[in-house]
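As C-alpha cells, the structure follows; a few thoughts come after it.
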Amino acid sequence: MVAHPLPVSRACFACGVDNALGLRAQLEFDDAEVRGTWKPHEPFRTAGDTLTTAALTALCDEAAFWVGALATGEAGMTTDLAVTLHRAVPFDGTLTITGARAAARPQADPRYWDTEVAARTGDAVLVASARITFVAVRGAARRLVGGLLAMNDPALLRRVFPAYTRPDA
C-alpha cells in the first residue's frame, strides 16, 4: 500500500513544525491505517528518564483525530479520550503510533465516531492504547484547509478533505 503524509501545521502542539514546545509529530496514512514514528525530545523527559504521559496522550489523540477525519472527510475534535498506559515509556527510544482505519465506527449520531489507537516502542512493546470519540464538525475542514494550504501540497489535502479542496469548494 502507498503511504501518504498527513498535513502538518505551524502552531499545533502535536504536528506544528514551528512550535518549539510541541511534539512536531509527522503522521502518514494508507488504506489500512494512520501511523507515525516519533522520537521524543528533551522537554518530554521526566525525572525518571521516561516519556511524559502528556506527550504520549497527545500523540494518541493526534492519530485518532486523523482516523476520524479520514473516516468522515471532515475536521473535528475529541469529545472523549480514554488512554490506558500499559507501562512507562523509556525516553531514549522511538514510538510508533497506529490506528486502524477499518476499526473506526460511527455512533448512533453519525457525527460521532469511535476510534482506537495504540503506541508501541521501537521493539513493538505495547505501551499505551486509547479509545477516542471524534466528532465531525461540519464545515470545520473548510477553515482548516485554508490555513493548511499555506504549507501543504493541495494534492495531499485533497486525499484527506476531498469536499473542501475541489476547485469549486
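Letters A, B, ... mark the chains of the C-alpha cells in the order given; residue numbers begin at 1 per chain; ligand numbers begin at 1, in order shown.
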
Restrict the calculation to only C-alpha atoms, then for each residue of range 60-163 of chain A with any atom at most 10 Å from an atom of range 25-45 of chain A give the closest atom pair and their distance in Å to one decimal, rows by chain and rising residue number, as a Markdown table.
```
| residue | atom | partner | partner_atom | distance |
| --- | --- | --- | --- | --- |
| A:Glu62 | CA | A:Leu27 | CA | 8.8 |
| A:Ala63 | CA | A:Val34 | CA | 6.4 |
| A:Ala64 | CA | A:Val34 | CA | 8.2 |
| A:Phe65 | CA | A:Val34 | CA | 9.8 |
| A:Trp66 | CA | A:Val34 | CA | 7.0 |
| A:Val67 | CA | A:Val34 | CA | 6.3 |
| A:Leu70 | CA | A:Phe29 | CA | 9.1 |
| A:Val89 | CA | A:Arg45 | CA | 10.0 |
| A:Pro90 | CA | A:Arg45 | CA | 9.1 |
| A:Phe91 | CA | A:Arg45 | CA | 6.2 |
| A:Asp92 | CA | A:Pro40 | CA | 7.3 |
| A:Gly93 | CA | A:Lys39 | CA | 6.5 |
| A:Thr94 | CA | A:Lys39 | CA | 4.6 |
| A:Leu95 | CA | A:Trp38 | CA | 5.2 |
| A:Thr96 | CA | A:Thr37 | CA | 4.3 |
| A:Ile97 | CA | A:Arg35 | CA | 5.3 |
| A:Thr98 | CA | A:Arg35 | CA | 4.3 |
| A:Gly99 | CA | A:Val34 | CA | 5.2 |
| A:Ala100 | CA | A:Glu33 | CA | 4.4 |
| A:Arg101 | CA | A:Glu33 | CA | 4.9 |
| A:Ala102 | CA | A:Ala32 | CA | 6.9 |
| A:Ala103 | CA | A:Glu33 | CA | 9.3 |
| A:Val117 | CA | A:Val34 | CA | 8.8 |
| A:Ala118 | CA | A:Arg35 | CA | 9.5 |
| A:Ala119 | CA | A:Thr37 | CA | 9.4 |
| A:Arg120 | CA | A:Thr37 | CA | 9.4 |
| A:Thr121 | CA | A:Thr37 | CA | 9.3 |
| A:Gly122 | CA | A:Thr37 | CA | 8.6 |
| A:Val160 | CA | A:Phe29 | CA | 9.6 |
```

Please give the complete set of residues from range 72-137 of chain A that DSSP, run on the backbone, assigns to strand (DSSP E), formatted as a PyMOL selection string. chain A and resi 76-85+95-100+105-106+112-121+126-136

Would you export the selected residues with N, CA and C atoms as a short mmCIF file (atom, residue, chain, number, x, y, z; two decimals), in the first residue's frame, please?
```cif
data_model
loop_
_atom_site.label_atom_id
_atom_site.label_comp_id
_atom_site.auth_asym_id
_atom_site.auth_seq_id
_atom_site.Cartn_x
_atom_site.Cartn_y
_atom_site.Cartn_z
N GLY A 76 -12.65 18.00 13.01
CA GLY A 76 -13.50 17.91 14.19
C GLY A 76 -12.66 18.00 15.44
N MET A 77 -13.11 17.30 16.46
CA MET A 77 -12.38 17.33 17.73
C MET A 77 -12.67 16.09 18.54
N THR A 78 -11.87 15.91 19.57
CA THR A 78 -12.06 14.81 20.51
C THR A 78 -13.11 15.22 21.52
N THR A 79 -14.08 14.34 21.76
CA THR A 79 -15.07 14.61 22.80
C THR A 79 -14.90 13.70 24.00
N ASP A 80 -14.21 12.59 23.81
CA ASP A 80 -13.97 11.66 24.91
C ASP A 80 -12.64 10.98 24.62
N LEU A 81 -11.80 10.89 25.65
CA LEU A 81 -10.47 10.32 25.49
C LEU A 81 -10.18 9.41 26.67
N ALA A 82 -9.91 8.15 26.40
CA ALA A 82 -9.56 7.19 27.46
C ALA A 82 -8.27 6.50 27.04
N VAL A 83 -7.20 6.81 27.75
CA VAL A 83 -5.88 6.24 27.45
C VAL A 83 -5.52 5.25 28.54
N THR A 84 -5.11 4.07 28.13
CA THR A 84 -4.60 3.07 29.07
C THR A 84 -3.09 3.03 28.91
N LEU A 85 -2.40 3.33 29.99
CA LEU A 85 -0.94 3.26 29.99
C LEU A 85 -0.53 1.87 30.46
N LEU A 95 8.77 5.78 19.32
CA LEU A 95 7.41 5.28 19.47
C LEU A 95 6.75 5.21 18.12
N THR A 96 5.96 4.18 17.91
CA THR A 96 5.13 4.10 16.72
C THR A 96 3.68 4.13 17.16
N ILE A 97 2.94 5.06 16.58
CA ILE A 97 1.52 5.23 16.87
C ILE A 97 0.76 4.71 15.66
N THR A 98 -0.24 3.86 15.89
CA THR A 98 -1.05 3.33 14.79
C THR A 98 -2.53 3.36 15.15
N GLY A 99 -3.34 3.55 14.15
CA GLY A 99 -4.79 3.46 14.31
C GLY A 99 -5.38 2.84 13.06
N ALA A 100 -6.05 1.72 13.20
CA ALA A 100 -6.65 1.03 12.06
C ALA A 100 -7.86 1.81 11.56
N ARG A 105 -15.69 3.46 13.96
CA ARG A 105 -17.11 3.10 13.90
C ARG A 105 -17.98 4.31 14.23
N PRO A 106 -19.01 4.57 13.38
CA PRO A 106 -19.91 5.67 13.71
C PRO A 106 -20.83 5.27 14.87
N TYR A 112 -20.46 11.41 15.33
CA TYR A 112 -19.55 10.88 16.35
C TYR A 112 -18.99 9.53 15.90
N TRP A 113 -17.70 9.39 16.02
CA TRP A 113 -17.02 8.18 15.62
C TRP A 113 -16.12 7.68 16.74
N ASP A 114 -16.17 6.39 17.00
CA ASP A 114 -15.26 5.76 17.96
C ASP A 114 -14.01 5.32 17.21
N THR A 115 -12.87 5.69 17.73
CA THR A 115 -11.60 5.33 17.12
C THR A 115 -10.70 4.70 18.17
N GLU A 116 -9.73 3.94 17.72
CA GLU A 116 -8.78 3.30 18.62
C GLU A 116 -7.38 3.45 18.04
N VAL A 117 -6.43 3.72 18.92
CA VAL A 117 -5.03 3.81 18.50
C VAL A 117 -4.17 3.09 19.53
N ALA A 118 -2.96 2.77 19.11
CA ALA A 118 -2.00 2.10 20.00
C ALA A 118 -0.63 2.73 19.83
N ALA A 119 0.13 2.72 20.89
CA ALA A 119 1.52 3.20 20.86
C ALA A 119 2.43 2.06 21.27
N ARG A 120 3.46 1.85 20.47
CA ARG A 120 4.42 0.78 20.72
C ARG A 120 5.85 1.32 20.66
N THR A 121 6.71 0.71 21.44
CA THR A 121 8.12 1.07 21.39
C THR A 121 8.72 0.57 20.09
N LEU A 126 3.77 -2.90 23.43
CA LEU A 126 2.62 -2.02 23.61
C LEU A 126 2.79 -1.22 24.89
N VAL A 127 2.78 0.12 24.77
CA VAL A 127 2.94 0.97 25.95
C VAL A 127 1.67 1.75 26.27
N ALA A 128 0.81 1.95 25.28
CA ALA A 128 -0.45 2.66 25.53
C ALA A 128 -1.46 2.28 24.46
N SER A 129 -2.71 2.28 24.86
CA SER A 129 -3.81 2.13 23.91
C SER A 129 -4.84 3.19 24.28
N ALA A 130 -5.58 3.64 23.29
CA ALA A 130 -6.53 4.71 23.54
C ALA A 130 -7.81 4.49 22.74
N ARG A 131 -8.91 4.83 23.38
CA ARG A 131 -10.22 4.85 22.73
C ARG A 131 -10.66 6.31 22.74
N ILE A 132 -10.94 6.83 21.58
CA ILE A 132 -11.21 8.25 21.44
C ILE A 132 -12.46 8.44 20.60
N THR A 133 -13.35 9.30 21.07
CA THR A 133 -14.53 9.67 20.30
C THR A 133 -14.22 10.96 19.55
N PHE A 134 -14.32 10.89 18.25
CA PHE A 134 -14.10 12.02 17.35
C PHE A 134 -15.46 12.54 16.93
N VAL A 135 -15.68 13.83 16.98
CA VAL A 135 -16.91 14.41 16.45
C VAL A 135 -16.55 15.25 15.23
N ALA A 136 -17.20 14.95 14.12
CA ALA A 136 -17.01 15.73 12.90
C ALA A 136 -17.81 17.02 13.03
#
```

Determine which residues of chain A receive a DSSP assignment of helix (DSSP H, G or I), computed from the backbone, and state them as an NGL selection string. :A and (42-44 or 53-72 or 101-103 or 140-148 or 154-160 or 162-164)

Point-to-point distance in Å for CA of Cys12 in chain A and CA of Gly146 in chain A: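 Atom-to-atom, CA of Gly146 in chain A and CA of Cys12 in chain A are spaced 14.9 Å apart.
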
Counting only C-alpha atoms, figure out which residue out of A:Ala88, A:Ala75, A:Val125, A:Asp18 gets nearest to Ala163 in chain A. A:Ala75
